[in-house]
Structures are given as C-alpha cells and as structure tokens.
file input00.tsv (TSV, N, CA and C atoms)
chain	number	residue	atom	x	y	z
A	1	TRP	N	34.27	112.73	115.02
A	1	TRP	CA	33.77	111.50	115.58
A	1	TRP	C	34.35	110.35	114.79
A	2	THR	N	34.93	109.42	115.49
A	2	THR	CA	35.46	108.23	114.82
A	2	THR	C	34.83	107.01	115.44
A	3	LYS	N	34.49	106.09	114.61
A	3	LYS	CA	33.87	104.86	115.06
A	3	LYS	C	34.97	103.82	115.27
A	4	PRO	N	34.98	103.13	116.41
A	4	PRO	CA	36.03	102.13	116.62
A	4	PRO	C	35.88	100.95	115.67
A	5	ILE	N	37.01	100.39	115.29
A	5	ILE	CA	37.01	99.21	114.42
A	5	ILE	C	36.76	97.98	115.28
A	6	PRO	N	35.81	97.15	114.90
A	6	PRO	CA	35.56	95.95	115.70
A	6	PRO	C	36.78	95.04	115.68
A	7	SER	N	37.04	94.38	116.80
A	7	SER	CA	38.20	93.50	116.85
A	7	SER	C	37.93	92.15	116.21
A	8	LEU	N	36.66	91.77	116.09
A	8	LEU	CA	36.30	90.50	115.48
A	8	LEU	C	35.09	90.71	114.58
A	9	ILE	N	35.19	90.20	113.37
A	9	ILE	CA	34.07	90.23	112.44
A	9	ILE	C	33.76	88.78	112.08
A	10	ALA	N	32.52	88.36	112.30
A	10	ALA	CA	32.09	87.00	112.00
A	10	ALA	C	31.18	87.03	110.77
A	11	ILE	N	31.46	86.13	109.84
A	11	ILE	CA	30.67	86.04	108.61
A	11	ILE	C	30.29	84.58	108.39
A	12	GLU	N	29.00	84.34	108.23
A	12	GLU	CA	28.50	82.99	108.04
A	12	GLU	C	28.29	82.71	106.55
A	13	GLN	N	28.92	81.67	106.07
A	13	GLN	CA	28.81	81.19	104.69
A	13	GLN	C	28.85	82.31	103.65
A	14	PRO	N	29.97	83.02	103.57
A	14	PRO	CA	30.06	84.12	102.61
A	14	PRO	C	30.02	83.66	101.15
A	15	GLU	N	30.21	82.36	100.94
A	15	GLU	CA	30.26	81.83	99.57
A	15	GLU	C	28.88	81.64	98.95
A	16	LEU	N	27.82	81.73	99.75
A	16	LEU	CA	26.49	81.45	99.22
A	16	LEU	C	26.15	82.34	98.03
A	17	HIS	N	25.70	81.71	96.98
A	17	HIS	CA	25.25	82.38	95.75
A	17	HIS	C	26.37	83.08	94.99
A	18	LEU	N	27.63	82.75	95.29
A	18	LEU	CA	28.75	83.36	94.57
A	18	LEU	C	29.39	82.34	93.63
A	19	HIS	N	29.72	82.79	92.45
A	19	HIS	CA	30.49	82.00	91.49
A	19	HIS	C	31.84	81.66	92.13
A	20	PRO	N	32.42	80.49	91.86
A	20	PRO	CA	33.71	80.13	92.45
A	20	PRO	C	34.81	81.18	92.26
A	21	ARG	N	34.83	81.86	91.12
A	21	ARG	CA	35.85	82.91	90.93
A	21	ARG	C	35.67	84.03	91.95
A	22	LEU	N	34.43	84.41	92.21
A	22	LEU	CA	34.17	85.45	93.21
A	22	LEU	C	34.48	84.95	94.62
A	23	GLN	N	34.26	83.67	94.87
A	23	GLN	CA	34.64	83.10	96.16
A	23	GLN	C	36.14	83.23	96.38
A	24	ALA	N	36.92	82.95	95.35
A	24	ALA	CA	38.38	83.07	95.45
A	24	ALA	C	38.78	84.52	95.68
A	25	GLN	N	38.13	85.44	94.98
A	25	GLN	CA	38.43	86.86	95.18
A	25	GLN	C	38.05	87.32	96.59
A	26	LEU	N	36.98	86.77	97.12
A	26	LEU	CA	36.58	87.08	98.48
A	26	LEU	C	37.64	86.59	99.48
A	27	ALA	N	38.20	85.41	99.22
A	27	ALA	CA	39.29	84.91	100.07
A	27	ALA	C	40.49	85.86	100.00
A	28	ASP	N	40.75	86.43	98.83
A	28	ASP	CA	41.83	87.42	98.69
A	28	ASP	C	41.57	88.63	99.60
A	29	VAL	N	40.34	89.08	99.64
A	29	VAL	CA	39.98	90.22	100.49
A	29	VAL	C	40.17	89.85	101.96
A	30	PHE	N	39.72	88.66	102.34
A	30	PHE	CA	39.90	88.22	103.73
A	30	PHE	C	41.38	88.21	104.09
A	31	ALA	N	42.21	87.68	103.21
A	31	ALA	CA	43.65	87.61	103.46
A	31	ALA	C	44.24	89.00	103.61
A	32	TYR	N	43.81	89.92	102.77
A	32	TYR	CA	44.29	91.31	102.86
A	32	TYR	C	43.93	91.93	104.22
A	33	LEU	N	42.72	91.66	104.69
A	33	LEU	CA	42.26	92.25	105.93
A	33	LEU	C	43.01	91.75	107.16
A	34	VAL	N	43.45	90.50	107.13
A	34	VAL	CA	44.13	89.95	108.32
A	34	VAL	C	45.64	90.08	108.24
A	35	LYS	N	46.15	90.51	107.10
A	35	LYS	CA	47.60	90.62	106.94
A	35	LYS	C	48.10	91.92	107.57
A	36	PRO	N	49.09	91.83	108.47
A	36	PRO	CA	49.65	93.06	109.02
A	36	PRO	C	50.26	93.91	107.91
A	37	SER	N	50.16	95.22	108.06
A	37	SER	CA	50.73	96.11	107.05
A	37	SER	C	51.97	96.79	107.61
A	38	ASP	N	52.63	97.58	106.78
A	38	ASP	CA	53.80	98.33	107.22
A	38	ASP	C	53.43	99.36	108.29
A	39	GLN	N	52.20	99.86	108.24
A	39	GLN	CA	51.78	100.89	109.18
A	39	GLN	C	51.39	100.33	110.55
A	40	ARG	N	51.02	99.06	110.59
A	40	ARG	CA	50.60	98.47	111.87
A	40	ARG	C	51.31	97.14	112.07
A	41	LYS	N	51.58	96.81	113.31
A	41	LYS	CA	52.31	95.57	113.59
A	41	LYS	C	51.39	94.35	113.65
A	42	SER	N	50.11	94.58	113.82
A	42	SER	CA	49.17	93.46	113.83
A	42	SER	C	48.10	93.72	112.78
A	43	SER	N	47.30	92.72	112.53
A	43	SER	CA	46.27	92.86	111.50
A	43	SER	C	45.18	93.81	111.98
A	44	ALA	N	44.50	94.40	111.03
A	44	ALA	CA	43.42	95.33	111.35
A	44	ALA	C	42.20	94.59	111.88
A	45	PHE	N	41.99	93.39	111.42
A	45	PHE	CA	40.79	92.64	111.76
A	45	PHE	C	41.14	91.21	112.17
A	46	ARG	N	40.27	90.67	112.97
A	46	ARG	CA	40.24	89.22	113.17
A	46	ARG	C	38.93	88.77	112.55
A	47	LEU	N	39.02	87.84	111.65
A	47	LEU	CA	37.83	87.35	110.96
A	47	LEU	C	37.50	85.94	111.42
A	48	LEU	N	36.23	85.69	111.63
A	48	LEU	CA	35.72	84.35	111.88
A	48	LEU	C	34.81	84.04	110.71
A	49	ILE	N	35.26	83.16	109.83
A	49	ILE	CA	34.53	82.83	108.61
A	49	ILE	C	34.03	81.39	108.72
A	50	GLU	N	32.73	81.21	108.68
A	50	GLU	CA	32.15	79.86	108.68
A	50	GLU	C	31.85	79.52	107.23
A	51	THR	N	32.53	78.49	106.72
A	51	THR	CA	32.39	78.16	105.30
A	51	THR	C	32.43	76.66	105.07
A	52	HIS	N	31.80	76.25	103.99
A	52	HIS	CA	31.92	74.89	103.47
A	52	HIS	C	32.56	74.93	102.08
A	53	SER	N	33.12	76.07	101.72
A	53	SER	CA	33.61	76.30	100.36
A	53	SER	C	35.01	75.73	100.15
A	54	GLU	N	35.09	74.73	99.29
A	54	GLU	CA	36.39	74.19	98.90
A	54	GLU	C	37.22	75.27	98.21
A	55	THR	N	36.56	76.14	97.46
A	55	THR	CA	37.27	77.21	96.76
A	55	THR	C	37.96	78.16	97.74
A	56	ILE	N	37.26	78.57	98.78
A	56	ILE	CA	37.86	79.48	99.76
A	56	ILE	C	39.01	78.80	100.50
A	57	ILE	N	38.80	77.56	100.92
A	57	ILE	CA	39.85	76.81	101.64
A	57	ILE	C	41.08	76.66	100.75
A	58	ASN	N	40.88	76.26	99.49
A	58	ASN	CA	42.01	76.08	98.58
A	58	ASN	C	42.70	77.40	98.25
A	59	ARG	N	41.92	78.47	98.11
A	59	ARG	CA	42.52	79.76	97.79
A	59	ARG	C	43.42	80.25	98.92
A	60	LEU	N	43.01	80.06	100.15
A	60	LEU	CA	43.86	80.45	101.28
A	60	LEU	C	45.19	79.70	101.22
A	61	GLY	N	45.13	78.41	100.87
A	61	GLY	CA	46.36	77.63	100.70
A	61	GLY	C	47.24	78.18	99.59
A	62	GLN	N	46.62	78.59	98.48
A	62	GLN	CA	47.38	79.18	97.37
A	62	GLN	C	48.05	80.49	97.80
A	63	LEU	N	47.34	81.30	98.56
A	63	LEU	CA	47.90	82.58	99.02
A	63	LEU	C	49.09	82.34	99.96
A	64	ILE	N	49.00	81.32	100.78
A	64	ILE	CA	50.12	80.97	101.66
A	64	ILE	C	51.29	80.48	100.83
A	65	GLN	N	51.03	79.62	99.86
A	65	GLN	CA	52.09	79.08	99.01
A	65	GLN	C	52.80	80.18	98.24
A	66	ARG	N	52.08	81.20	97.81
A	66	ARG	CA	52.67	82.34	97.08
A	66	ARG	C	53.36	83.33	98.00
A	67	GLY	N	53.16	83.20	99.30
A	67	GLY	CA	53.77	84.13	100.24
A	67	GLY	C	52.93	85.37	100.51
A	68	ASP	N	51.69	85.38	100.04
A	68	ASP	CA	50.80	86.52	100.25
A	68	ASP	C	50.06	86.47	101.59
A	69	LEU	N	50.15	85.34	102.28
A	69	LEU	CA	49.47	85.15	103.55
A	69	LEU	C	50.31	84.21	104.39
A	70	SER	N	50.42	84.50	105.66
A	70	SER	CA	51.20	83.65	106.56
A	70	SER	C	50.29	82.60	107.19
A	71	PRO	N	50.76	81.35	107.31
A	71	PRO	CA	49.95	80.35	107.99
A	71	PRO	C	49.62	80.75	109.42
A	72	SER	N	50.45	81.60	110.02
A	72	SER	CA	50.18	82.03	111.39
A	72	SER	C	48.96	82.95	111.47
A	73	ASN	N	48.49	83.45	110.34
A	73	ASN	CA	47.29	84.29	110.32
A	73	ASN	C	46.02	83.50	110.02
A	74	VAL	N	46.15	82.17	109.93
A	74	VAL	CA	44.99	81.34	109.60
A	74	VAL	C	44.88	80.20	110.60
A	75	GLN	N	43.70	80.00	111.11
A	75	GLN	CA	43.41	78.83	111.94
A	75	GLN	C	42.06	78.30	111.49
A	76	ILE	N	41.99	77.00	111.31
A	76	ILE	CA	40.76	76.37	110.87
A	76	ILE	C	40.22	75.54	112.02
A	77	VAL	N	38.94	75.72	112.31
A	77	VAL	CA	38.28	74.94	113.35
A	77	VAL	C	37.38	73.93	112.65
A	78	LEU	N	37.61	72.66	112.95
A	78	LEU	CA	36.85	71.58	112.33
A	78	LEU	C	35.87	70.99	113.33
A	79	PHE	N	34.66	70.77	112.89
A	79	PHE	CA	33.64	70.11	113.69
A	79	PHE	C	33.38	68.77	113.03
A	80	GLU	N	33.68	67.69	113.75
A	80	GLU	CA	33.57	66.35	113.17
A	80	GLU	C	32.69	65.47	114.04
A	81	PRO	N	31.92	64.57	113.42
A	81	PRO	CA	31.12	63.65	114.22
A	81	PRO	C	32.01	62.71	115.02
A	82	ASP	N	31.66	62.50	116.26
A	82	ASP	CA	32.38	61.55	117.12
A	82	ASP	C	31.62	60.24	117.10
A	83	LYS	N	32.10	59.28	116.32
A	83	LYS	CA	31.39	58.02	116.12
A	83	LYS	C	31.39	57.16	117.38
A	84	ASP	N	32.42	57.27	118.21
A	84	ASP	CA	32.50	56.45	119.41
A	84	ASP	C	31.61	56.98	120.54
A	85	GLN	N	31.65	58.26	120.78
A	85	GLN	CA	30.94	58.86	121.91
A	85	GLN	C	29.62	59.51	121.50
A	86	GLY	N	29.41	59.67	120.20
A	86	GLY	CA	28.27	60.45	119.75
A	86	GLY	C	28.60	61.93	119.90
A	87	GLY	N	27.81	62.76	119.33
A	87	GLY	CA	28.08	64.19	119.43
A	87	GLY	C	29.10	64.66	118.42
A	88	THR	N	29.83	65.70	118.78
A	88	THR	CA	30.75	66.36	117.87
A	88	THR	C	32.08	66.60	118.54
A	89	THR	N	33.16	66.39	117.80
A	89	THR	CA	34.51	66.71	118.25
A	89	THR	C	34.94	68.00	117.56
A	90	VAL	N	35.53	68.90	118.33
A	90	VAL	CA	36.01	70.17	117.79
A	90	VAL	C	37.52	70.17	117.89
A	91	ARG	N	38.19	70.48	116.78
A	91	ARG	CA	39.66	70.57	116.79
A	91	ARG	C	40.10	71.65	115.81
A	92	THR	N	41.34	72.07	115.96
A	92	THR	CA	41.87	73.11	115.08
A	92	THR	C	42.99	72.55	114.21
A	93	THR	N	43.17	73.18	113.09
A	93	THR	CA	44.26	72.86	112.18
A	93	THR	C	44.64	74.14	111.43
A	94	THR	N	45.61	74.05	110.57
A	94	THR	CA	46.03	75.19	109.77
A	94	THR	C	46.70	74.67	108.51
A	95	TYR	N	47.50	75.50	107.89
A	95	TYR	CA	48.26	75.16	106.69
A	95	TYR	C	49.74	75.11	107.05
A	96	ASP	N	50.50	74.32	106.28
A	96	ASP	CA	51.95	74.38	106.44
A	96	ASP	C	52.49	75.55	105.61
A	97	ASP	N	53.80	75.73	105.61
A	97	ASP	CA	54.40	76.86	104.89
A	97	ASP	C	54.23	76.76	103.37
A	98	GLU	N	53.91	75.58	102.87
A	98	GLU	CA	53.69	75.39	101.43
A	98	GLU	C	52.22	75.56	101.04
A	99	GLY	N	51.37	75.87	102.01
A	99	GLY	CA	49.96	76.07	101.72
A	99	GLY	C	49.13	74.81	101.73
A	100	CYS	N	49.70	73.71	102.24
A	100	CYS	CA	48.96	72.45	102.32
A	100	CYS	C	48.27	72.35	103.68
A	101	LEU	N	47.05	71.86	103.67
A	101	LEU	CA	46.32	71.68	104.91
A	101	LEU	C	46.97	70.60	105.76
A	102	ILE	N	47.06	70.85	107.04
A	102	ILE	CA	47.64	69.90	107.98
A	102	ILE	C	46.51	69.10	108.61
A	103	ASP	N	46.63	67.78	108.57
A	103	ASP	CA	45.68	66.89	109.25
A	103	ASP	C	44.23	67.18	108.85
A	104	TRP	N	44.00	67.28	107.56
A	104	TRP	CA	42.66	67.55	107.05
A	104	TRP	C	41.85	66.26	107.05
A	105	PRO	N	40.57	66.28	107.41
A	105	PRO	CA	39.79	65.04	107.47
A	105	PRO	C	39.57	64.43	106.09
A	106	TYR	N	39.89	63.17	105.97
A	106	TYR	CA	39.70	62.46	104.71
A	106	TYR	C	38.23	62.46	104.34
A	107	GLY	N	37.95	62.77	103.08
A	107	GLY	CA	36.59	62.73	102.58
A	107	GLY	C	35.78	63.99	102.82
A	108	PHE	N	36.40	65.04	103.35
A	108	PHE	CA	35.66	66.28	103.59
A	108	PHE	C	35.19	66.88	102.27
A	109	PHE	N	36.09	66.91	101.29
A	109	PHE	CA	35.73	67.37	99.96
A	109	PHE	C	35.64	66.16	99.04
A	110	LEU	N	34.90	66.30	97.96
A	110	LEU	CA	34.78	65.21	97.00
A	110	LEU	C	36.13	64.93	96.35
A	111	PRO	N	36.43	63.66	96.09
A	111	PRO	CA	37.68	63.37	95.37
A	111	PRO	C	37.56	63.83	93.92
A	112	HIS	N	38.70	64.14	93.33
A	112	HIS	CA	38.70	64.53	91.92
A	112	HIS	C	38.42	63.30	91.07
A	113	LEU	N	37.53	63.46	90.12
A	113	LEU	CA	37.19	62.35	89.24
A	113	LEU	C	38.25	62.22	88.16
A	114	ARG	N	38.50	61.01	87.75
A	114	ARG	CA	39.49	60.77	86.70
A	114	ARG	C	38.79	60.38	85.43
call {"tool": "encode", "arguments": {"input": "input00.tsv", "output": "structure tokens"}}
result
Amino acid sequence: WTKPIPSLIAIEQPELHLHPRLQAQLADVFAYLVKPSDQRKSSAFRLLIETHSETIINRLGQLIQRGDLSPSNVQIVLFEPDKDQGGTTVRTTTYDDEGCLIDWPYGFFLPHLR
C-alpha cells in the first residue's frame, strides 16, 4: 500500500515560535522540497507558505543568489491595502536571478537602524 503524495501542501505562519536561525533552516527545507531532483523532472511538492517572516523571505533570496534555488520555483503573493478603492489588492512578485525581490512594497519590513 502506498499513500499518494499531495500535490499541494499549505502551511500557515511556520515561523511562529521559532528562533530566526531555525526559520532560515526551515526555508532551506522548503527550497529542497520544491527543487527538482535528478530523479524527477519536476518538484516533489508545491508549497503554499503564508508568512510574515523577514528571515524566511531573505533566506529564499540568499538561496537563489547562491544557485541553490531557482527564482522560477518561487512566487510571492502580496496582499496590500487599496487606499483608493478600499479593500485589498492582490498581486504576485518573485526574485531576480541575483536573489533580490522584484517590486517589493516599500515599508513592508522595518528599515535597518544606523
């Protein structure tokens, strides 16, 4: 008896109660799961991760920059307040080949203090 592998796994706020180092390691696991291997042409899993973690977002960029993850395996869905119409605007973005976020909303994360 074999159990089928789910095609989509959704995880809500996996960073809760985790030290930032563990959050980064968790991002490494997520990247491993979605990365195609030599044995298969596509990834084993599709992950839907709902997060507010700057650590996870930055770690995914680092993995892309190092070549351990392809930007084509990552899509970010942003939910932003629509000040003109009220409600919420939903849009997608990703990372460039250098691991930098494309069209990231200004002020989403706190600025670095000097």
call {"tool": "residues_around", "arguments": {"input": "input00.tsv", "residues": "region 68-72 of chain A", "least_positions_apart": "5", "cutoff": "7 Å", "atoms": "only N, CA and C atoms", "output": "ChimeraX atom specification"}}
result
/A:31,35,62-63,94-97
call {"tool": "closest_residue", "arguments": {"input": "input00.tsv", "among": "A:Glu98, A:Asp28, A:Asp103, A:Glu15", "to": "Thr51 (chain A)", "atoms": "only C-alpha atoms"}}
result
A:Glu15
call {"tool": "closest_residue", "arguments": {"input": "input00.tsv", "among": "A:Asp82, A:Leu22, A:Val74, A:Glu50", "to": "Ala10 (chain A)", "atoms": "all atoms listed in the file"}}
result
A:Glu50
call {"tool": "atom_distance", "arguments": {"input": "input00.tsv", "atom1": "CA of Ile9 (chain A)", "atom2": "CA of Leu47 (chain A)"}}
result
5.0 Å
call {"tool": "select_by_dssp", "arguments": {"input": "input00.tsv", "residues": "chain A", "states": "alpha helix (DSSP H)", "output": "MDAnalysis selection string"}}
result
chainID A and resid 20:34 54:66
call {"tool": "closest_residue", "arguments": {"input": "input00.tsv", "among": "A:Leu8, A:Ile76, A:Ile56, A:Leu48", "to": "Gln23 (chain A)", "atoms": "only C-alpha atoms"}}
result
A:Ile56
call {"tool": "residues_near_point", "arguments": {"input": "input00.tsv", "point": "(32.9, 72.3, 119.4)", "cutoff": "8 Å", "atoms": "only N, CA and C atoms", "output": "mmCIF file with N, CA and C atoms, in the frame of the given file"}}
result
data_model
loop_
_atom_site.group_PDB
_atom_site.id
_atom_site.type_symbol
_atom_site.label_atom_id
_atom_site.label_comp_id
_atom_site.auth_asym_id
_atom_site.auth_seq_id
_atom_site.Cartn_x
_atom_site.Cartn_y
_atom_site.Cartn_z
ATOM 1 N N LEU A 78 37.610 72.660 112.950
ATOM 2 C CA LEU A 78 36.850 71.580 112.330
ATOM 3 C C LEU A 78 35.870 70.990 113.330
ATOM 4 N N PHE A 79 34.660 70.770 112.890
ATOM 5 C CA PHE A 79 33.640 70.110 113.690
ATOM 6 C C PHE A 79 33.380 68.770 113.030
ATOM 7 N N GLU A 80 33.680 67.690 113.750
ATOM 8 C CA GLU A 80 33.570 66.350 113.170
ATOM 9 C C GLU A 80 32.690 65.470 114.040
ATOM 10 N N THR A 88 29.830 65.700 118.780
ATOM 11 C CA THR A 88 30.750 66.360 117.870
ATOM 12 C C THR A 88 32.080 66.600 118.540
ATOM 13 N N THR A 89 33.160 66.390 117.800
ATOM 14 C CA THR A 89 34.510 66.710 118.250
ATOM 15 C C THR A 89 34.940 68.000 117.560
ATOM 16 N N VAL A 90 35.530 68.900 118.330
ATOM 17 C CA VAL A 90 36.010 70.170 117.790
ATOM 18 C C VAL A 90 37.520 70.170 117.890
ATOM 19 N N ARG A 91 38.190 70.480 116.780
ATOM 20 C CA ARG A 91 39.660 70.570 116.790
ATOM 21 C C ARG A 91 40.100 71.650 115.810
#
call {"tool": "closest_residue", "arguments": {"input": "input00.tsv", "among": "A:Gly99, A:Pro105, A:Gly87, A:Pro14", "to": "Leu26 (chain A)", "atoms": "only C-alpha atoms"}}
result
A:Pro14
